[in-house]
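Some notes on the structure that comes next.
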There are 4 protein chains.
Amino acid sequence: MLMASNVTDRTKPKPATASGKPNRISVSSKSAERRRHLARAAYQALAEKGFEGLRMREIARRAGINHATLHYYFAGKEQLIDSVVDHIVQDLSIGRNPRVEDAALEPRQRLKAHFNALVQQMRDSPEMFTVLAEIHARSMRDRPIRSIFVKNDRNWTKFLTGILQAGVQKKEFDANLVPEVAAEAIISLVRGLTVTCAGRAELMQRPLDQLLTWIEGRAS
Amino acid sequence: MLMASNVTDRTKPKPATASGKPNRISVSSKSAERRRHLARAAYQALAEKGFEGLRMREIARRAGINHATLHYYFAGKEQLIDSVVDHIVQDLSIGRNPRVEDAALEPRQRLKAHFNALVQQMRDSPEMFTVLAEIHARSMRDRPIRSIFVKNDRNWTKFLTGILQAGVQKKEFDANLVPEVAAEAIISLVRGLTVTCAGRAELMQRPLDQLLTWIEGRAS
Amino acid sequence: MLMASNVTDRTKPKPATASGKPNRISVSSKSAERRRHLARAAYQALAEKGFEGLRMREIARRAGINHATLHYYFAGKEQLIDSVVDHIVQDLSIGRNPRVEDAALEPRQRLKAHFNALVQQMRDSPEMFTVLAEIHARSMRDRPIRSIFVKNDRNWTKFLTGILQAGVQKKEFDANLVPEVAAEAIISLVRGLTVTCAGRAELMQRPLDQLLTWIEGRAS
Amino acid sequence: MLMASNVTDRTKPKPATASGKPNRISVSSKSAERRRHLARAAYQALAEKGFEGLRMREIARRAGINHATLHYYFAGKEQLIDSVVDHIVQDLSIGRNPRVEDAALEPRQRLKAHFNALVQQMRDSPEMFTVLAEIHARSMRDRPIRSIFVKNDRNWTKFLTGILQAGVQKKEFDANLVPEVAAEAIISLVRGLTVTCAGRAELMQRPLDQLLTWIEGRAS
DNA sequence: CATGAATGAGAGTTCATTCAT
DNA sequence: GATGAATGAACTCTCATTCAT
């Protein structure tokens with residue numbers, strides 16, 4: 001989850017057609033792939049320069065195309081940014097979908113894995129949190145983006161609540177825990193961590209461990 | 001603490017000198033006052049438009065002066081922004097200085113007061129957190145600003161550690177608490193809350209209560 | 001005469017050839033037809049947006065083809081515009097060719113019919129005069145286009161002179177009339193009317209009646 | 001009347017103030033003068049390239065200033081164009097205001113003078129008619145500009161009607177003349193002439209003489 | 001022929017900054 | 001200090017045109 005590399009990986013391999021001529025699907029997929037590539041270039045520029053320094057020409061340069069071509073794929077800067085936001089939010093949601101096979105795992109392990117993935121993400125692609133910080137800042141003045149995060153947080157809360165409930169039930173977590181409230185606390189703590197520990201994944205460990213300890217409570 | 005109004009309040013009125021002509025000190029004081037006034041105008045513009053939409057001309061307009069005059073007080077946009085950052089960080093640090101009279105208070109009450117002040121701040125001047133989010137985002141790409149926050153966080157940690165230690169000692173808090181680690185967790189949770197609950201102070205209560213519960217542990 | 005619908009009507013349908021494959025002639029005919037179709041699309045775009053707002057892409061869109069295909073029929077924008085000018089001037093000349101059967105008619109009636117056709121044209125396709133105004137304006141800076149109008153005016157003058165001469169001879173018009181001079185006056189008055197009365201055909205009546213009265217002079 | 005040079009001449013000389021420091025009026029007049037200068041540069045560019053080829057950068061170049069400065073004086077291209085239209089319409093109205101001293105002159109002479117001024121204008125500044133043709137063309141798609149011309153034509157009609165009435169009364173003109181109708185005819189003829197005879201003032205003479213003959217009628 | 005993709009040139013506009021007064 | 005004027009740099013966006021397929 002949370003793997004920025006997913007921004008690329010999301011490119012689903014199109015089925016190779018037998019005919020030499022590209023069919024409709026592969027054509028549209030090629031165009032979609034291109035758009036993804038451009039959104040990724042924008043994402044990187046955003047990580048390095050922020051919204052303030054985000055320039056269409058530089059995004060195009062990063063993608064290796066003429067800046068006018070960018071306008072062929074995106075009606076304007078705003079749409080390109082929307083695309084970046086969509087992609088990143090989609091990436092965030094990966095790994096937060098309660099999977100059937102997870103139900104068997106110990107909740108404690110699942111929560112730990114969730115945290116570990118976060119730390120790993122900070123190690124692998126710290127720029128993702130820079131971009132997130134930018135978008136979060138923007139979300140405070142931009143209703144539509146705000147809505148996206150609210151919706152995203154609801155899903156995240158649901159995911160965590162599921163784990164917490166299971167943990168309480170299995171006596172792995174503190175019996176007094178109110179799953180939803182704890183989920184809210186976890187989300188904010190994690191969110192704050194990405195800012196506080198920007199780029200230094202190792203700093204995240206202790207607060208996350210502390211959080212786990214609190215969640216386990218006297219149950220541990 | 002954390003009162004945005006402080007941005008203005010910090011402007012301490014200097015006693016008018018007897019002479020009709022302003023003396024050196026009052027001139028420099030007037031100049032400093034003007035600089036504070038401008039930084040405040042910039043702060044408001046920043047809250048409404050973000051760094052991306054921050055314009056020297058609009059700042060000047062808000063302050064009621066000609067835009068060219070801005071350059072008499074700040075060498076450039078960057079310096080003006082630095083000034084805003086300085087002011088806001090200074091505001092943040094207010095209320096985090098362990099005061100002698102506090103030592104007598106119960107640590108639990110002191111922590112609660114700290115949290116309440118935060119909620120109040122969100123109610124009174126939510127724009128401060130918008131600005132903070134902007135600056136936090138920038139701090140992830142900007143070393144000097146990052147350093148300011150690191151230093152600020154150290155002070156904050158120290159402040160919280162003091163309270164936590166006292167609380168453990170007085171058996172108000174969980175005996176197993178490692179004050180510094182808990183302080184780090186508190187800071188990140190609070191930081192995340194300001195984003196998650198942007199503008200809706202009421203949402204902050206439950207996570208903060210949860211946090212208190214955790215800190216008190218079986219001691220409660 | 002002067003019927004904008006002629007822009008389309010001029011497209012004479014070529015009889016389909018027996019062979020299933022289109023032969024040279026029908027191909028070139030189809031191509032010519034397509035060119036006329038495109039010129040008409042350009043004419044309409046010109047009427048709505050003027051030269052300033054004339055866009056190759058929009059012309060293509062109106063014609064229902066890809067904009068790149070436009071370049072298969074016209075080397076460039078300039079050639080397309082030339083084509084529009086040619087078509088419109090050709091339309092203008094229709095009805096100004098002295099016809100044998102007209103010789104029998106009373107000059108007064110012929111002149112009146114000429115004016116009526118003009119009024120009708122303004123009623124039916126006012127956009128033609130918008131396009132004409134655009135091309136007239138351009139003709140004042142563009143020698144080749146100017147030449148086209150000068151030539152066109154010569155034909156128009158000849159047409160009117162014929163009527164006027166006949167009218168003087170038949171004592172229908174003022175005996176003192178110098179046909180060529182009056183023709184020039186008529187042309188300019190008509191030309192000015194199309195601007196002054198743009199889109200409001202009813203306003204053209206009175207000046208045209210006045211003109212007729214003047215031409216008839218004491219003869220009437 | 002109709003003197004393009006008036007575009008410049010309209011610059012009313014500001015009264016020199018005694019004080020070395022420029023007063024409010026002269027300052028504002030200087031700015032207004034600058035605006036007039038820029039509008040004139042736009043007018044010339046418009047005459048040479050038409051609306052289609054009108055470029056802010058070139059207008060600035062003609063005026064000898066940076067193109068950004070143009071935006072200091074005019075909010076945008078549209079406002080600059082509006083200014084050009086205003087100036088030209090103002091120029092047109094000069095000489096069409098019935099003056100008291102004219103009442104004594106023979107109407108025939110006054111009408112002739114009006115026509116002569118037109119011919120002279122075509123000789124002196126033919127570019128004015130090029131610009132007029134552009135604006136007329138635009139007026140056919142642009143309501144606000146259209147309104148300006150409608151209003152202008154009303155004044156022109158009034159001016160001519162005054163002369164014609166006086167002429168009829170003094171038996172200089174055809175007794176059957178309906179002044180207002182004739183005025184309309186005159187306006188359209190003149191308007192058409194400026195297009196037909198673009199740049200060749202000598203061609204205007206014969207139609208205008210014809211027009212005069214018609215107006216005088218059997219009275220002459 | 002037809003088209004989606006691409007591009008160079010250039011448009012209007014904005015903005016931080018400078019400068020003469 | 002203060003300000004109106006000016007400017008260079010750079011921005012987003014558009015468009016006619018070209019080209020590979």
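Convention: chains lettered A, B, ... in structure tokens order; per-chain residue numbering from 1; ligands numbered from 1 as shown.
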
Next item on the list: Please return, as a ChimeraX atom specification, all residues of chain D lying within 10 Å of chain E when only C-alpha atoms (C1' of nucleotides) are considered.
Entry: /D:21,55-57,68,71,75-77

Expected file contents, prior selection, C-alpha atoms, as a CSV table (one decimal), in the first residue's frame:
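And here is the file that came out, again.csv:
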chain,number,residue,atom,x,y,z
D,21,LYS,CA,5.8,70.2,-8.8
D,55,ARG,CA,-1.1,42.4,-31.5
D,56,MET,CA,-0.5,43.9,-28.1
D,57,ARG,CA,3.2,43.6,-28.5
D,68,ALA,CA,3.7,45.1,-20.2
D,71,HIS,CA,-1.4,46.6,-19.5
D,75,ALA,CA,-6.7,46.3,-18.4
D,76,GLY,CA,-6.7,44.2,-21.5
D,77,LYS,CA,-6.8,44.2,-25.2

Next item on the list: Taking the chain letters and numbering used in this document, name the residues of stretch 52-201 of chain C that DSSP puts in alpha helix (DSSP H), as a PyMOL selection string.
Entry: chain C and resi 56-63+70-73+77-93+107-124+127-139+143-169+179-196

Next item on the list: In Å, rounded to a single decimal, give me how far atom CA of A:Glu106 is from atom CA of A:Gly167.
Entry: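 Calculated distance between atom CA of A:Gly167 and atom CA of A:Glu106 is 7.5 Å.
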
Item checked: Point-to-point distance in Å for atom CA of D:Ala41 and atom C1' of F:DG4 ->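 The value is 22.0 Å.
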
Margin query: I'd like to know which of A:Ile148, A:Val119, A:Ile163, A:Ala137 is closest to chain B, using only C-alpha atoms.
Written below: A:Ala137

If you take only C-alpha atoms (C1' of nucleotides) and a cut-off of 12 Å, which residues of chain D touch chain F, and what are their nearest atom pairs and distances in Å to one decimal, in chain and number order, as a tab-separated table?
residue	atom	partner	partner_atom	distance
D:Val27	CA	F:DG4	C1'	9.8
D:Ser28	CA	F:DG4	C1'	10.7
D:Lys30	CA	F:DG4	C1'	11.5
D:Ser31	CA	F:DA5	C1'	9.7
D:Arg34	CA	F:DA5	C1'	11.1
D:Gly64	CA	F:DA6	C1'	11.9
D:Ile65	CA	F:DA6	C1'	8.5
D:Asn66	CA	F:DT7	C1'	6.4
D:His67	CA	F:DT7	C1'	8.6
D:Ala68	CA	F:DT7	C1'	6.9
D:Thr69	CA	F:DA6	C1'	6.2
D:Leu70	CA	F:DA6	C1'	9.9
D:His71	CA	F:DA6	C1'	10.8
D:Tyr72	CA	F:DA5	C1'	8.3
D:Tyr73	CA	F:DA5	C1'	9.8

Saved selection, atoms kept: N, CA and C atoms, as a CSV table (one decimal), in the first residue's frame:
chain,number,residue,atom,x,y,z
D,27,VAL,N,-0.9,65.8,-13.7
D,27,VAL,CA,-0.5,64.4,-13.6
D,27,VAL,C,-1.5,63.6,-14.3
D,28,SER,N,-2.8,63.8,-14.0
D,28,SER,CA,-3.8,62.9,-14.6
D,28,SER,C,-3.9,63.2,-16.1
D,30,LYS,N,-1.4,63.9,-17.9
D,30,LYS,CA,-0.2,63.2,-18.5
D,30,LYS,C,-0.6,61.8,-18.7
D,31,SER,N,-1.2,61.2,-17.7
D,31,SER,CA,-1.6,59.8,-17.9
D,31,SER,C,-2.6,59.6,-19.0
D,34,ARG,N,-1.0,59.9,-22.3
D,34,ARG,CA,-0.3,58.6,-22.5
D,34,ARG,C,-1.3,57.6,-23.1
D,64,GLY,N,6.7,52.6,-28.6
D,64,GLY,CA,8.0,52.7,-28.0
D,64,GLY,C,8.0,52.3,-26.5
D,65,ILE,N,7.2,51.5,-26.1
D,65,ILE,CA,7.2,51.0,-24.7
D,65,ILE,C,7.2,49.5,-24.6
D,66,ASN,N,7.4,49.0,-23.4
D,66,ASN,CA,7.4,47.6,-23.2
D,66,ASN,C,5.9,47.2,-23.2
D,67,HIS,N,5.7,46.0,-23.7
D,67,HIS,CA,4.3,45.6,-23.9
D,67,HIS,C,3.6,45.4,-22.5
D,68,ALA,N,4.4,45.2,-21.5
D,68,ALA,CA,3.7,45.1,-20.2
D,68,ALA,C,3.2,46.4,-19.7
D,69,THR,N,3.8,47.5,-20.2
D,69,THR,CA,3.3,48.8,-19.8
D,69,THR,C,1.9,49.1,-20.4
D,70,LEU,N,1.7,48.5,-21.5
D,70,LEU,CA,0.4,48.6,-22.1
D,70,LEU,C,-0.7,48.2,-21.2
D,71,HIS,N,-0.4,47.1,-20.4
D,71,HIS,CA,-1.4,46.6,-19.5
D,71,HIS,C,-1.5,47.4,-18.2
D,72,TYR,N,-0.5,48.3,-18.1
D,72,TYR,CA,-0.6,49.2,-17.0
D,72,TYR,C,-1.7,50.3,-17.3
D,73,TYR,N,-1.8,50.6,-18.6
D,73,TYR,CA,-2.8,51.7,-18.9
D,73,TYR,C,-4.1,51.1,-19.3

Got a sec: who's within 8 Å of stretch 107-111 of chain C, counting only C-alpha atoms (C1' of nucleotides), leaving out chain neighbours fewer than 5 positions off, as a PDB file with N, CA and C atoms, in the first residue's frame?
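Okay, around10.pdb is ready:
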ATOM      1  N   ASP C 102     -34.414  40.100 -70.200  1.00  0.00           N
ATOM      2  CA  ASP C 102     -34.660  41.312 -69.405  1.00  0.00           C
ATOM      3  C   ASP C 102     -34.846  42.539 -70.299  1.00  0.00           C
ATOM      4  N   LEU C 160     -25.684  48.014 -64.180  1.00  0.00           N
ATOM      5  CA  LEU C 160     -26.557  49.133 -63.838  1.00  0.00           C
ATOM      6  C   LEU C 160     -26.604  50.148 -64.978  1.00  0.00           C
ATOM      7  N   ILE C 163     -29.108  49.211 -67.533  1.00  0.00           N
ATOM      8  CA  ILE C 163     -30.480  49.510 -67.127  1.00  0.00           C
ATOM      9  C   ILE C 163     -30.765  50.998 -67.219  1.00  0.00           C
ATOM     10  N   LEU C 164     -29.814  51.782 -66.704  1.00  0.00           N
ATOM     11  CA  LEU C 164     -30.026  53.230 -66.666  1.00  0.00           C
ATOM     12  C   LEU C 164     -30.130  53.816 -68.073  1.00  0.00           C
ATOM     13  N   ALA C 166     -31.054  52.340 -70.756  1.00  0.00           N
ATOM     14  CA  ALA C 166     -32.350  51.947 -71.317  1.00  0.00           C
ATOM     15  C   ALA C 166     -33.457  52.817 -70.734  1.00  0.00           C
ATOM     16  N   GLY C 167     -33.341  53.070 -69.429  1.00  0.00           N
ATOM     17  CA  GLY C 167     -34.360  53.864 -68.753  1.00  0.00           C
ATOM     18  C   GLY C 167     -34.411  55.289 -69.270  1.00  0.00           C
ATOM     19  N   GLU C 172     -38.031  56.719 -68.900  1.00  0.00           N
ATOM     20  CA  GLU C 172     -38.471  56.334 -67.557  1.00  0.00           C
ATOM     21  C   GLU C 172     -37.637  57.031 -66.500  1.00  0.00           C
ATOM     22  N   PHE C 173     -36.393  57.332 -66.880  1.00  0.00           N
ATOM     23  CA  PHE C 173     -35.475  57.978 -65.930  1.00  0.00           C
ATOM     24  C   PHE C 173     -35.177  59.403 -66.357  1.00  0.00           C
TER      25      PHE C 173
END

Item checked: Pairwise distance for atom CA of B:Asp174 and atom CA of A:Ala175, rounded to one decimal in Å ->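 Atom CA of B:Asp174 sits 16.8 Å away from atom CA of A:Ala175.
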
Next item on the list: Do a neighbour search on A:Val89 at 10 Å with only C-alpha atoms (C1' of nucleotides), toss out local chain neighbours closer than 6 positions, and write the hits as a count of residues only.
Entry: 6

Margin query: Please determine, counting only C-alpha atoms, which residue among C:Gln169, C:Asn116, C:Thr130, C:Gln79 has the shortest atom-to-atom distance to chain D.
Written below: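 Ranked by minimum distance to chain D, first place goes to C:Thr130.
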
Could the residues of chain B that have an atom at most 8 Å from chain A be listed as a Markdown table, each with its closest atom pair and the distance in Å to one decimal, counting only C-alpha atoms and ordered by chain and ascending residue number?
| residue | atom | partner | partner_atom | distance |
| --- | --- | --- | --- | --- |
| B:Glu48 | CA | A:Arg141 | CA | 7.0 |
| B:Lys49 | CA | A:Arg141 | CA | 7.5 |
| B:Gly50 | CA | A:Arg138 | CA | 7.4 |
| B:Phe51 | CA | A:Glu52 | CA | 6.0 |
| B:Glu52 | CA | A:Glu52 | CA | 4.1 |
| B:Gly53 | CA | A:Glu52 | CA | 7.7 |
| B:Thr130 | CA | A:Met140 | CA | 6.1 |
| B:Ala133 | CA | A:Ala137 | CA | 4.9 |
| B:Glu134 | CA | A:Ala137 | CA | 5.3 |
| B:His136 | CA | A:Val195 | CA | 7.0 |
| B:Ala137 | CA | A:Ala133 | CA | 4.9 |
| B:Arg138 | CA | A:Gly50 | CA | 7.4 |
| B:Met140 | CA | A:Thr130 | CA | 6.0 |
| B:Arg141 | CA | A:Glu48 | CA | 6.7 |
| B:Val181 | CA | A:Pro207 | CA | 6.2 |
| B:Ala182 | CA | A:Gln210 | CA | 6.9 |
| B:Glu184 | CA | A:Pro207 | CA | 6.2 |
| B:Ala185 | CA | A:Pro207 | CA | 4.8 |
| B:Ile186 | CA | A:Leu189 | CA | 7.8 |
| B:Ile187 | CA | A:Gly192 | CA | 7.7 |
| B:Ser188 | CA | A:Gly192 | CA | 4.2 |
| B:Leu189 | CA | A:Leu189 | CA | 3.7 |
| B:Val190 | CA | A:Gly192 | CA | 7.1 |
| B:Arg191 | CA | A:Gly192 | CA | 4.7 |
| B:Gly192 | CA | A:Gly192 | CA | 3.7 |
| B:Leu193 | CA | A:Ser188 | CA | 5.1 |
| B:Val195 | CA | A:His136 | CA | 7.0 |
| B:Thr196 | CA | A:Ser188 | CA | 6.5 |
| B:Ala198 | CA | A:Met140 | CA | 6.5 |
| B:Arg206 | CA | A:Val181 | CA | 6.5 |
| B:Pro207 | CA | A:Ala185 | CA | 4.8 |
| B:Leu208 | CA | A:Ala185 | CA | 7.7 |
| B:Gln210 | CA | A:Ala182 | CA | 6.8 |
| B:Leu211 | CA | A:Ala185 | CA | 7.4 |
| B:Trp214 | CA | A:Trp214 | CA | 5.8 |
| B:Gly217 | CA | A:Gly217 | CA | 7.7 |
| B:Arg218 | CA | A:Arg218 | CA | 7.8 |
